[in-house]
file input_24.cif (mmCIF, N, CA and C atoms and all ligand atoms)
data_work
loop_
_atom_site.label_atom_id
_atom_site.label_comp_id
_atom_site.auth_asym_id
_atom_site.auth_seq_id
_atom_site.Cartn_x
_atom_site.Cartn_y
_atom_site.Cartn_z
N MET A 1 -9.08 -0.72 -11.89
CA MET A 1 -7.92 -1.60 -11.72
C MET A 1 -8.32 -2.79 -10.84
N ALA A 2 -8.02 -3.97 -11.28
CA ALA A 2 -8.36 -5.16 -10.52
C ALA A 2 -7.46 -5.24 -9.28
N THR A 3 -8.06 -5.66 -8.16
CA THR A 3 -7.27 -5.79 -6.94
C THR A 3 -6.81 -7.24 -6.81
N TYR A 4 -5.58 -7.39 -6.46
CA TYR A 4 -5.01 -8.72 -6.29
C TYR A 4 -5.31 -9.21 -4.88
N LYS A 5 -6.07 -10.29 -4.79
CA LYS A 5 -6.44 -10.81 -3.47
C LYS A 5 -5.85 -12.19 -3.22
N VAL A 6 -5.52 -12.44 -1.99
CA VAL A 6 -4.94 -13.72 -1.58
C VAL A 6 -5.70 -14.24 -0.36
N PRO A 7 -5.87 -15.56 -0.24
CA PRO A 7 -6.60 -16.04 0.92
C PRO A 7 -5.83 -15.89 2.23
N CYS A 8 -6.56 -15.52 3.27
CA CYS A 8 -6.00 -15.43 4.62
C CYS A 8 -5.66 -16.85 5.08
N ILE A 9 -4.46 -17.03 5.63
CA ILE A 9 -4.05 -18.38 6.06
C ILE A 9 -4.84 -18.84 7.30
N HIS A 10 -5.47 -17.91 7.98
CA HIS A 10 -6.18 -18.27 9.21
C HIS A 10 -7.65 -18.62 8.96
N CYS A 11 -8.32 -17.84 8.10
CA CYS A 11 -9.76 -18.06 7.93
C CYS A 11 -10.17 -18.30 6.48
N GLY A 12 -9.25 -18.08 5.53
CA GLY A 12 -9.56 -18.36 4.13
C GLY A 12 -10.21 -17.22 3.38
N GLU A 13 -10.52 -16.12 4.08
CA GLU A 13 -11.11 -14.94 3.44
C GLU A 13 -10.14 -14.37 2.40
N MET A 14 -10.67 -13.92 1.25
CA MET A 14 -9.81 -13.30 0.25
C MET A 14 -9.50 -11.86 0.70
N VAL A 15 -8.21 -11.58 0.86
CA VAL A 15 -7.78 -10.30 1.41
C VAL A 15 -6.88 -9.61 0.40
N GLU A 16 -7.00 -8.29 0.29
CA GLU A 16 -6.13 -7.55 -0.61
C GLU A 16 -4.68 -7.71 -0.16
N ARG A 17 -3.81 -7.89 -1.15
CA ARG A 17 -2.41 -8.24 -0.88
C ARG A 17 -1.70 -7.22 -0.01
N ASP A 18 -2.10 -5.95 -0.11
CA ASP A 18 -1.39 -4.93 0.67
C ASP A 18 -2.08 -4.61 2.00
N ALA A 19 -3.12 -5.39 2.34
CA ALA A 19 -3.81 -5.14 3.61
C ALA A 19 -2.92 -5.55 4.78
N HIS A 20 -3.08 -4.84 5.89
CA HIS A 20 -2.27 -5.18 7.06
C HIS A 20 -3.00 -6.13 8.00
N ASN A 21 -4.32 -6.14 7.89
CA ASN A 21 -5.11 -7.02 8.73
C ASN A 21 -6.15 -7.73 7.87
N CYS A 22 -6.49 -8.93 8.27
CA CYS A 22 -7.59 -9.62 7.61
C CYS A 22 -8.89 -8.98 8.11
N PRO A 23 -9.77 -8.50 7.19
CA PRO A 23 -10.99 -7.86 7.65
C PRO A 23 -11.96 -8.83 8.32
N LYS A 24 -11.82 -10.12 8.05
CA LYS A 24 -12.76 -11.08 8.62
C LYS A 24 -12.33 -11.56 10.00
N CYS A 25 -11.10 -12.09 10.13
CA CYS A 25 -10.70 -12.63 11.43
C CYS A 25 -9.80 -11.67 12.19
N GLY A 26 -9.40 -10.56 11.56
CA GLY A 26 -8.60 -9.57 12.27
C GLY A 26 -7.14 -9.92 12.41
N SER A 27 -6.70 -10.99 11.73
CA SER A 27 -5.30 -11.39 11.84
C SER A 27 -4.37 -10.29 11.35
N ARG A 28 -3.25 -10.13 12.05
CA ARG A 28 -2.27 -9.14 11.64
C ARG A 28 -1.32 -9.69 10.59
N SER A 29 -1.37 -10.98 10.36
CA SER A 29 -0.46 -11.57 9.37
C SER A 29 -1.25 -12.55 8.50
N PRO A 30 -2.12 -12.02 7.63
CA PRO A 30 -3.00 -12.91 6.84
C PRO A 30 -2.25 -13.79 5.84
N PHE A 31 -1.02 -13.42 5.46
CA PHE A 31 -0.35 -14.15 4.36
C PHE A 31 0.82 -15.00 4.79
N GLY A 32 1.14 -15.00 6.05
CA GLY A 32 2.28 -15.79 6.51
C GLY A 32 2.37 -15.67 8.01
N TYR A 33 3.19 -16.51 8.62
CA TYR A 33 3.32 -16.48 10.07
C TYR A 33 4.47 -15.56 10.48
N HIS A 34 4.28 -14.90 11.59
CA HIS A 34 5.33 -14.03 12.12
C HIS A 34 5.59 -14.39 13.56
N CYS A 35 6.85 -14.25 13.96
CA CYS A 35 7.18 -14.46 15.37
C CYS A 35 6.42 -13.42 16.18
N PRO A 36 5.68 -13.84 17.21
CA PRO A 36 4.89 -12.87 17.98
C PRO A 36 5.75 -11.97 18.84
N THR A 37 7.02 -12.33 19.01
CA THR A 37 7.90 -11.55 19.87
C THR A 37 8.73 -10.54 19.09
N CYS A 38 9.38 -10.99 17.99
CA CYS A 38 10.24 -10.07 17.25
C CYS A 38 9.69 -9.75 15.86
N LEU A 39 8.58 -10.38 15.48
CA LEU A 39 7.86 -10.11 14.24
C LEU A 39 8.59 -10.55 12.96
N LYS A 40 9.65 -11.37 13.10
CA LYS A 40 10.30 -11.93 11.91
C LYS A 40 9.39 -13.01 11.33
N PRO A 41 9.45 -13.21 10.00
CA PRO A 41 8.67 -14.31 9.43
C PRO A 41 9.15 -15.65 9.97
N ILE A 42 8.21 -16.53 10.29
CA ILE A 42 8.56 -17.86 10.79
C ILE A 42 7.77 -18.90 10.02
N GLU A 43 8.19 -20.15 10.14
CA GLU A 43 7.47 -21.21 9.45
C GLU A 43 7.08 -22.30 10.42
N ARG A 44 5.91 -22.85 10.20
CA ARG A 44 5.45 -23.99 10.96
C ARG A 44 6.44 -25.13 10.77
N GLY A 45 6.81 -25.81 11.83
CA GLY A 45 7.75 -26.91 11.70
C GLY A 45 9.14 -26.56 12.18
N ASN A 46 9.48 -25.26 12.16
CA ASN A 46 10.77 -24.85 12.70
C ASN A 46 10.70 -24.90 14.23
N ALA A 47 11.86 -25.17 14.87
CA ALA A 47 11.85 -25.30 16.32
C ALA A 47 11.92 -23.95 17.02
N VAL A 48 12.78 -23.07 16.52
CA VAL A 48 12.95 -21.77 17.16
C VAL A 48 12.92 -20.65 16.13
N CYS A 49 12.66 -19.44 16.58
CA CYS A 49 12.65 -18.26 15.71
C CYS A 49 14.07 -17.90 15.32
N SER A 50 14.29 -17.61 14.02
CA SER A 50 15.64 -17.27 13.58
C SER A 50 16.02 -15.86 14.03
N GLY A 51 15.04 -15.08 14.40
CA GLY A 51 15.32 -13.70 14.82
C GLY A 51 15.68 -13.59 16.30
N CYS A 52 14.84 -14.13 17.18
CA CYS A 52 15.05 -13.93 18.61
C CYS A 52 15.33 -15.24 19.35
N GLY A 53 15.19 -16.36 18.67
CA GLY A 53 15.53 -17.63 19.30
C GLY A 53 14.44 -18.23 20.17
N ARG A 54 13.28 -17.60 20.22
CA ARG A 54 12.22 -18.15 21.08
C ARG A 54 11.68 -19.45 20.46
N PRO A 55 11.26 -20.40 21.29
CA PRO A 55 10.67 -21.61 20.74
C PRO A 55 9.38 -21.28 19.99
N LEU A 56 9.16 -21.98 18.89
CA LEU A 56 7.96 -21.69 18.10
C LEU A 56 6.77 -22.56 18.49
N THR A 57 6.95 -23.36 19.52
CA THR A 57 5.84 -24.11 20.08
C THR A 57 5.73 -23.74 21.54
N THR A 58 4.52 -23.57 22.01
CA THR A 58 4.34 -23.23 23.42
C THR A 58 3.15 -23.99 23.97
N THR A 59 2.95 -23.88 25.26
CA THR A 59 1.83 -24.55 25.90
C THR A 59 0.65 -23.60 25.98
N CYS A 60 -0.47 -24.03 25.50
CA CYS A 60 -1.68 -23.21 25.56
C CYS A 60 -2.09 -23.01 27.02
N PRO A 61 -2.35 -21.74 27.41
CA PRO A 61 -2.74 -21.51 28.81
C PRO A 61 -4.17 -21.95 29.10
N TYR A 62 -4.91 -22.28 28.06
CA TYR A 62 -6.32 -22.63 28.23
C TYR A 62 -6.57 -24.13 28.29
N CYS A 63 -5.88 -24.88 27.42
CA CYS A 63 -6.14 -26.32 27.41
C CYS A 63 -4.89 -27.13 27.77
N GLY A 64 -3.73 -26.45 27.85
CA GLY A 64 -2.51 -27.15 28.20
C GLY A 64 -1.88 -27.92 27.06
N GLY A 65 -2.46 -27.83 25.87
CA GLY A 65 -1.93 -28.51 24.70
C GLY A 65 -0.80 -27.73 24.07
N ALA A 66 -0.02 -28.39 23.21
CA ALA A 66 1.07 -27.73 22.51
C ALA A 66 0.49 -26.99 21.32
N THR A 67 0.98 -25.78 21.08
CA THR A 67 0.47 -25.01 19.95
C THR A 67 1.59 -24.20 19.32
N PHE A 68 1.44 -23.95 18.02
CA PHE A 68 2.38 -23.13 17.25
C PHE A 68 2.15 -21.66 17.61
N VAL A 69 3.24 -20.92 17.84
CA VAL A 69 3.07 -19.54 18.33
C VAL A 69 2.60 -18.56 17.25
N GLY A 70 2.76 -18.92 15.97
CA GLY A 70 2.37 -17.99 14.91
C GLY A 70 0.91 -18.11 14.52
N GLY A 71 0.23 -19.07 15.09
CA GLY A 71 -1.12 -19.37 14.63
C GLY A 71 -2.22 -18.46 15.14
N GLU A 72 -1.92 -17.66 16.15
CA GLU A 72 -2.88 -16.73 16.76
C GLU A 72 -3.99 -17.44 17.54
N ARG A 73 -4.30 -18.67 17.15
CA ARG A 73 -5.25 -19.47 17.93
C ARG A 73 -4.59 -20.79 18.28
N CYS A 74 -4.98 -21.35 19.43
CA CYS A 74 -4.42 -22.62 19.87
C CYS A 74 -4.73 -23.72 18.85
N ASP A 75 -3.72 -24.51 18.50
CA ASP A 75 -3.91 -25.62 17.57
C ASP A 75 -4.85 -26.67 18.14
N ALA A 76 -4.86 -26.79 19.47
CA ALA A 76 -5.61 -27.86 20.10
C ALA A 76 -7.06 -27.46 20.42
N CYS A 77 -7.25 -26.28 21.03
CA CYS A 77 -8.61 -25.93 21.47
C CYS A 77 -9.21 -24.76 20.69
N GLY A 78 -8.41 -24.07 19.88
CA GLY A 78 -8.95 -22.99 19.05
C GLY A 78 -9.15 -21.66 19.77
N THR A 79 -8.76 -21.60 21.04
CA THR A 79 -8.90 -20.34 21.78
C THR A 79 -7.86 -19.34 21.28
N THR A 80 -8.22 -18.07 21.23
CA THR A 80 -7.26 -17.06 20.79
C THR A 80 -6.07 -16.98 21.74
N LEU A 81 -4.88 -16.84 21.17
CA LEU A 81 -3.66 -16.73 21.99
C LEU A 81 -3.27 -15.27 22.13
N LEU A 82 -4.13 -14.38 21.68
CA LEU A 82 -3.80 -12.96 21.71
C LEU A 82 -4.52 -12.25 22.84
N ILE A 83 -3.84 -11.26 23.40
CA ILE A 83 -4.42 -10.40 24.42
C ILE A 83 -4.22 -8.97 23.92
N ARG A 84 -4.76 -8.00 24.63
CA ARG A 84 -4.61 -6.62 24.16
C ARG A 84 -3.54 -5.86 24.92
N CYS A 85 -2.82 -5.03 24.18
CA CYS A 85 -1.89 -4.10 24.81
C CYS A 85 -2.68 -3.23 25.77
N GLU A 86 -2.13 -3.01 26.97
CA GLU A 86 -2.89 -2.29 27.99
C GLU A 86 -2.87 -0.77 27.81
N SER A 87 -2.01 -0.28 26.94
CA SER A 87 -2.00 1.16 26.68
C SER A 87 -3.30 1.53 25.96
N LYS A 88 -4.02 2.49 26.50
CA LYS A 88 -5.31 2.85 25.92
C LYS A 88 -5.18 3.40 24.52
N ARG A 89 -4.10 4.09 24.25
CA ARG A 89 -3.91 4.66 22.92
C ARG A 89 -3.53 3.60 21.90
N CYS A 90 -2.98 2.51 22.38
CA CYS A 90 -2.49 1.47 21.47
C CYS A 90 -3.55 0.38 21.33
N GLY A 91 -3.69 -0.45 22.35
CA GLY A 91 -4.74 -1.47 22.33
C GLY A 91 -4.56 -2.54 21.28
N GLU A 92 -3.35 -2.67 20.72
CA GLU A 92 -3.10 -3.67 19.69
C GLU A 92 -3.11 -5.08 20.28
N LEU A 93 -3.46 -6.05 19.43
CA LEU A 93 -3.43 -7.43 19.87
C LEU A 93 -1.98 -7.89 20.00
N GLN A 94 -1.70 -8.58 21.09
CA GLN A 94 -0.37 -9.06 21.37
C GLN A 94 -0.43 -10.52 21.78
N PHE A 95 0.65 -11.24 21.51
CA PHE A 95 0.73 -12.64 21.91
C PHE A 95 0.73 -12.71 23.44
N PHE A 96 0.07 -13.73 23.99
CA PHE A 96 -0.11 -13.77 25.45
C PHE A 96 1.20 -13.87 26.22
N GLU A 97 2.27 -14.35 25.59
CA GLU A 97 3.55 -14.49 26.30
C GLU A 97 4.40 -13.22 26.22
N ASN A 98 3.99 -12.27 25.41
CA ASN A 98 4.79 -11.05 25.26
C ASN A 98 4.79 -10.26 26.57
N THR A 99 5.97 -9.78 26.95
CA THR A 99 6.04 -8.98 28.18
C THR A 99 5.98 -7.50 27.84
N LYS A 100 6.20 -7.16 26.56
CA LYS A 100 5.94 -5.78 26.16
C LYS A 100 5.34 -5.78 24.76
N CYS A 101 4.62 -4.70 24.49
CA CYS A 101 3.89 -4.55 23.24
C CYS A 101 4.86 -4.39 22.07
N THR A 102 4.64 -5.12 20.99
CA THR A 102 5.52 -5.03 19.83
C THR A 102 5.22 -3.78 19.02
N VAL A 103 4.11 -3.10 19.31
CA VAL A 103 3.75 -1.90 18.57
C VAL A 103 4.21 -0.63 19.29
N CYS A 104 3.84 -0.49 20.55
CA CYS A 104 4.18 0.75 21.26
C CYS A 104 5.32 0.58 22.26
N GLY A 105 5.72 -0.67 22.54
CA GLY A 105 6.85 -0.91 23.42
C GLY A 105 6.54 -0.86 24.90
N LYS A 106 5.28 -0.58 25.24
CA LYS A 106 4.89 -0.51 26.66
C LYS A 106 4.85 -1.91 27.26
N PRO A 107 5.23 -2.05 28.54
CA PRO A 107 5.14 -3.38 29.15
C PRO A 107 3.69 -3.84 29.32
N ILE A 108 3.50 -5.13 29.17
CA ILE A 108 2.17 -5.71 29.38
C ILE A 108 2.22 -6.43 30.73
N LYS A 109 1.55 -5.87 31.71
CA LYS A 109 1.67 -6.41 33.07
C LYS A 109 0.51 -7.30 33.45
N LYS A 110 -0.63 -7.06 32.83
CA LYS A 110 -1.82 -7.79 33.27
C LYS A 110 -2.18 -8.95 32.36
N ALA A 111 -1.15 -9.52 31.71
CA ALA A 111 -1.40 -10.63 30.80
C ALA A 111 -2.12 -11.78 31.52
N ALA A 112 -1.67 -12.10 32.74
CA ALA A 112 -2.27 -13.21 33.47
C ALA A 112 -3.75 -12.97 33.75
N LYS A 113 -4.09 -11.70 34.03
CA LYS A 113 -5.47 -11.32 34.30
C LYS A 113 -6.33 -11.50 33.04
N GLN A 114 -5.77 -11.10 31.91
CA GLN A 114 -6.51 -11.21 30.66
C GLN A 114 -6.72 -12.68 30.30
N ILE A 115 -5.69 -13.50 30.54
CA ILE A 115 -5.80 -14.93 30.26
C ILE A 115 -6.88 -15.54 31.15
N GLU A 116 -6.89 -15.12 32.40
CA GLU A 116 -7.90 -15.60 33.36
C GLU A 116 -9.30 -15.26 32.88
N ALA A 117 -9.46 -14.03 32.37
CA ALA A 117 -10.77 -13.58 31.90
C ALA A 117 -11.23 -14.40 30.70
N ILE A 118 -10.30 -14.71 29.79
CA ILE A 118 -10.65 -15.50 28.61
C ILE A 118 -11.01 -16.93 29.05
N LYS A 119 -10.26 -17.43 30.03
CA LYS A 119 -10.52 -18.77 30.57
C LYS A 119 -11.93 -18.85 31.13
N ASN A 120 -12.35 -17.78 31.78
CA ASN A 120 -13.67 -17.76 32.40
C ASN A 120 -14.77 -17.41 31.41
N GLY A 121 -14.40 -17.37 30.14
CA GLY A 121 -15.40 -17.16 29.10
C GLY A 121 -15.76 -15.71 28.86
N GLY A 122 -15.09 -14.80 29.55
CA GLY A 122 -15.35 -13.37 29.37
C GLY A 122 -14.57 -12.83 28.18
N LYS A 123 -14.58 -11.53 28.05
CA LYS A 123 -13.83 -10.94 26.95
C LYS A 123 -12.60 -10.22 27.49
ZN ZN A 201 -8.60 -14.08 8.21
ZN ZN A 202 11.38 -14.00 17.12
ZN ZN A 203 -5.62 -24.69 23.75
ZN ZN A 204 0.87 -1.24 22.57
#
call {"tool": "encode", "arguments": {"input": "input_24.cif", "output": "C-alpha cells"}}
result
Amino acid sequence: MATYKVPCIHCGEMVERDAHNCPKCGSRSPFGYHCPTCLKPIERGNAVCSGCGRPLTTTCPYCGGATFVGGERCDACGTTLLIRCESKRCGELQFFENTKCTVCGKPIKKAAKQIEAIKNGGK
C-alpha cells in the first residue's frame, strides 16, 4: 500500500500524513501550526489564538525580534523557541513561554534557566 506523504512546513521533509512528529526536524506539528499553549490550530497572520486568546506574536528571548509563536523557531534568528518539560518521565518539547507542560500538565519552573543555557550556546 502506498503511503501518503506531505511536506513538513518547517523543514520540507516528506512525512507520512498520520505521523505525529517530523522525523527530520522533530516538529510536533509538521502539517500546520498549533497554539503552543492550548494546542488549537492557528494561522500565521492572525493576531490572537481563537482558543485561549494568547497573542500569536511574541518577542524572541534570544534576539529580541518579533516571532510567530507557532513556528517553533524564531522568525528572526532561527533559534529554537522550545524547551523541555522538566518531568523526567515526560521530557516533551514545550514552548518557552508555557508555564505548564501541555502533555503531562506539570509546571515548568526552570524555563528561564533553559533559555539562559540556549543563549550561552549550550543544550
Ligand atoms: Zn520537519
Ligand atoms: Zn491558544
Ligand atoms: Zn530570535
Ligand atoms: Zn510534560
call {"tool": "select_by_dssp", "arguments": {"input": "input_24.cif", "residues": "chain A", "states": "strand (DSSP E)", "output": "list in words"}}
result
Lys5, Val6, Pro7, Met14, Val15, Glu16, Tyr33, His34, Pro41, Ile42, Thr57, Thr58, Thr59, Ala66, Thr67, Phe68, Leu82, Ile83, Arg84, Leu93, Gln94 and Phe95 of chain A
call {"tool": "atom_distance", "arguments": {"input": "input_24.cif", "atom1": "atom N of Gly70 in chain A", "atom2": "atom ZN of ligand ZN 201 (chain A)"}}
result
14.6 Å
call {"tool": "closest_residue", "arguments": {"input": "input_24.cif", "among": "A:Pro61, A:Ile118, A:Cys101, A:Cys85", "to": "ligand ZN 203 (chain A)", "atoms": "only C-alpha atoms and all ligand atoms"}}
result
A:Pro61
call {"tool": "residues_near_ligand", "arguments": {"input": "input_24.cif", "ligand": "ligand ZN 201 (chain A)", "cutoff": "7 Å", "atoms": "only N, CA and C atoms and all ligand atoms", "output": "CSV table (one decimal) with N, CA and C atoms, in the frame of the given file"}}
result
chain,number,residue,atom,x,y,z
A,7,PRO,N,-5.9,-15.6,-0.2
A,7,PRO,CA,-6.6,-16.0,0.9
A,7,PRO,C,-5.8,-15.9,2.2
A,8,CYS,N,-6.6,-15.5,3.3
A,8,CYS,CA,-6.0,-15.4,4.6
A,8,CYS,C,-5.7,-16.8,5.1
A,9,ILE,N,-4.5,-17.0,5.6
A,9,ILE,CA,-4.0,-18.4,6.1
A,9,ILE,C,-4.8,-18.8,7.3
A,10,HIS,N,-5.5,-17.9,8.0
A,10,HIS,CA,-6.2,-18.3,9.2
A,10,HIS,C,-7.6,-18.6,9.0
A,11,CYS,N,-8.3,-17.8,8.1
A,11,CYS,CA,-9.8,-18.1,7.9
A,11,CYS,C,-10.2,-18.3,6.5
A,12,GLY,N,-9.2,-18.1,5.5
A,12,GLY,CA,-9.6,-18.4,4.1
A,12,GLY,C,-10.2,-17.2,3.4
A,13,GLU,N,-10.5,-16.1,4.1
A,13,GLU,CA,-11.1,-14.9,3.4
A,13,GLU,C,-10.1,-14.4,2.4
A,21,ASN,N,-4.3,-6.1,7.9
A,21,ASN,CA,-5.1,-7.0,8.7
A,21,ASN,C,-6.2,-7.7,7.9
A,22,CYS,N,-6.5,-8.9,8.3
A,22,CYS,CA,-7.6,-9.6,7.6
A,22,CYS,C,-8.9,-9.0,8.1
A,23,PRO,N,-9.8,-8.5,7.2
A,23,PRO,CA,-11.0,-7.9,7.6
A,23,PRO,C,-12.0,-8.8,8.3
A,24,LYS,N,-11.8,-10.1,8.0
A,24,LYS,CA,-12.8,-11.1,8.6
A,24,LYS,C,-12.3,-11.6,10.0
A,25,CYS,N,-11.1,-12.1,10.1
A,25,CYS,CA,-10.7,-12.6,11.4
A,25,CYS,C,-9.8,-11.7,12.2
A,26,GLY,N,-9.4,-10.6,11.6
A,26,GLY,CA,-8.6,-9.6,12.3
A,26,GLY,C,-7.1,-9.9,12.4
A,27,SER,N,-6.7,-11.0,11.7
A,27,SER,CA,-5.3,-11.4,11.8
A,27,SER,C,-4.4,-10.3,11.4
A,30,PRO,N,-2.1,-12.0,7.6
A,30,PRO,CA,-3.0,-12.9,6.8
A,30,PRO,C,-2.2,-13.8,5.8
call {"tool": "residues_near_ligand", "arguments": {"input": "input_24.cif", "ligand": "ligand ZN 202 (chain A)", "cutoff": "7 Å", "atoms": "all atoms listed in the file", "output": "ChimeraX atom specification"}}
result
/A:34-40,48-54
call {"tool": "residues_near_ligand", "arguments": {"input": "input_24.cif", "ligand": "ligand ZN 204 (chain A)", "cutoff": "6 Å", "atoms": "all atoms listed in the file", "output": "PyMOL selection string"}}
result
chain A and resi 85-87+90-92+101-106
call {"tool": "closest_atom_pairs", "arguments": {"input": "input_24.cif", "of": "chain A", "to": "ligand ZN 203 (chain A)", "cutoff": "7 Å", "atoms": "only N, CA and C atoms and all ligand atoms", "output": "tab-separated table"}}
result
residue	atom	partner	partner_atom	distance
A:Thr59	C	A:ZN203	ZN	6.7
A:Cys60	CA	A:ZN203	ZN	4.6
A:Pro61	N	A:ZN203	ZN	5.7
A:Tyr62	C	A:ZN203	ZN	4.7
A:Cys63	N	A:ZN203	ZN	3.7
A:Gly64	N	A:ZN203	ZN	4.8
A:Gly65	N	A:ZN203	ZN	4.9
A:Ala66	N	A:ZN203	ZN	6.7
A:Arg73	C	A:ZN203	ZN	6.8
A:Cys74	CA	A:ZN203	ZN	4.6
A:Asp75	N	A:ZN203	ZN	5.6
A:Ala76	C	A:ZN203	ZN	4.6
A:Cys77	N	A:ZN203	ZN	3.5
A:Gly78	N	A:ZN203	ZN	4.8
A:Thr79	N	A:ZN203	ZN	5.2
call {"tool": "atom_distance", "arguments": {"input": "input_24.cif", "atom1": "atom C of Ile115 in chain A", "atom2": "atom N of Arg44 in chain A"}}
result
25.6 Å
call {"tool": "atom_distance", "arguments": {"input": "input_24.cif", "atom1": "CA of Asn98 in chain A", "atom2": "CA of Val69 in chain A"}}
result
11.1 Å
call {"tool": "select_by_dssp", "arguments": {"input": "input_24.cif", "residues": "chain A", "states": "alpha helix (DSSP H)", "output": "PyMOL selection string"}}
result
chain A and resi 111-119
call {"tool": "write_last_selection", "arguments": {"input": "input_24.cif", "atoms": "N, CA and C atoms", "output": "short mmCIF file (atom, residue, chain, number, x, y, z; two decimals), in the frame of the given file"}}
result
data_model
loop_
_atom_site.label_atom_id
_atom_site.label_comp_id
_atom_site.auth_asym_id
_atom_site.auth_seq_id
_atom_site.Cartn_x
_atom_site.Cartn_y
_atom_site.Cartn_z
N ALA A 111 -1.15 -9.52 31.71
CA ALA A 111 -1.40 -10.63 30.80
C ALA A 111 -2.12 -11.78 31.52
N ALA A 112 -1.67 -12.10 32.74
CA ALA A 112 -2.27 -13.21 33.47
C ALA A 112 -3.75 -12.97 33.75
N LYS A 113 -4.09 -11.70 34.03
CA LYS A 113 -5.47 -11.32 34.30
C LYS A 113 -6.33 -11.50 33.04
N GLN A 114 -5.77 -11.10 31.91
CA GLN A 114 -6.51 -11.21 30.66
C GLN A 114 -6.72 -12.68 30.30
N ILE A 115 -5.69 -13.50 30.54
CA ILE A 115 -5.80 -14.93 30.26
C ILE A 115 -6.88 -15.54 31.15
N GLU A 116 -6.89 -15.12 32.40
CA GLU A 116 -7.90 -15.60 33.36
C GLU A 116 -9.30 -15.26 32.88
N ALA A 117 -9.46 -14.03 32.37
CA ALA A 117 -10.77 -13.58 31.90
C ALA A 117 -11.23 -14.40 30.70
N ILE A 118 -10.30 -14.71 29.79
CA ILE A 118 -10.65 -15.50 28.61
C ILE A 118 -11.01 -16.93 29.05
N LYS A 119 -10.26 -17.43 30.03
CA LYS A 119 -10.52 -18.77 30.57
C LYS A 119 -11.93 -18.85 31.13
#
call {"tool": "closest_residue", "arguments": {"input": "input_24.cif", "among": "A:Lys109, A:Lys5, A:Lys100, A:Arg89", "to": "Arg17 in chain A", "atoms": "only C-alpha atoms"}}
result
A:Lys5
call {"tool": "residues_near_point", "arguments": {"input": "input_24.cif", "point": "(8.9, -22.9, 16.0)", "cutoff": "5 Å", "atoms": "all atoms listed in the file", "output": "PyMOL selection string"}}
result
chain A and resi 46-48+55-57
call {"tool": "residues_around", "arguments": {"input": "input_24.cif", "residues": "Ile83 in chain A", "least_positions_apart": "4", "cutoff": "6 Å", "atoms": "only N, CA and C atoms", "output": "PyMOL selection string"}}
result
chain A and resi 92-96
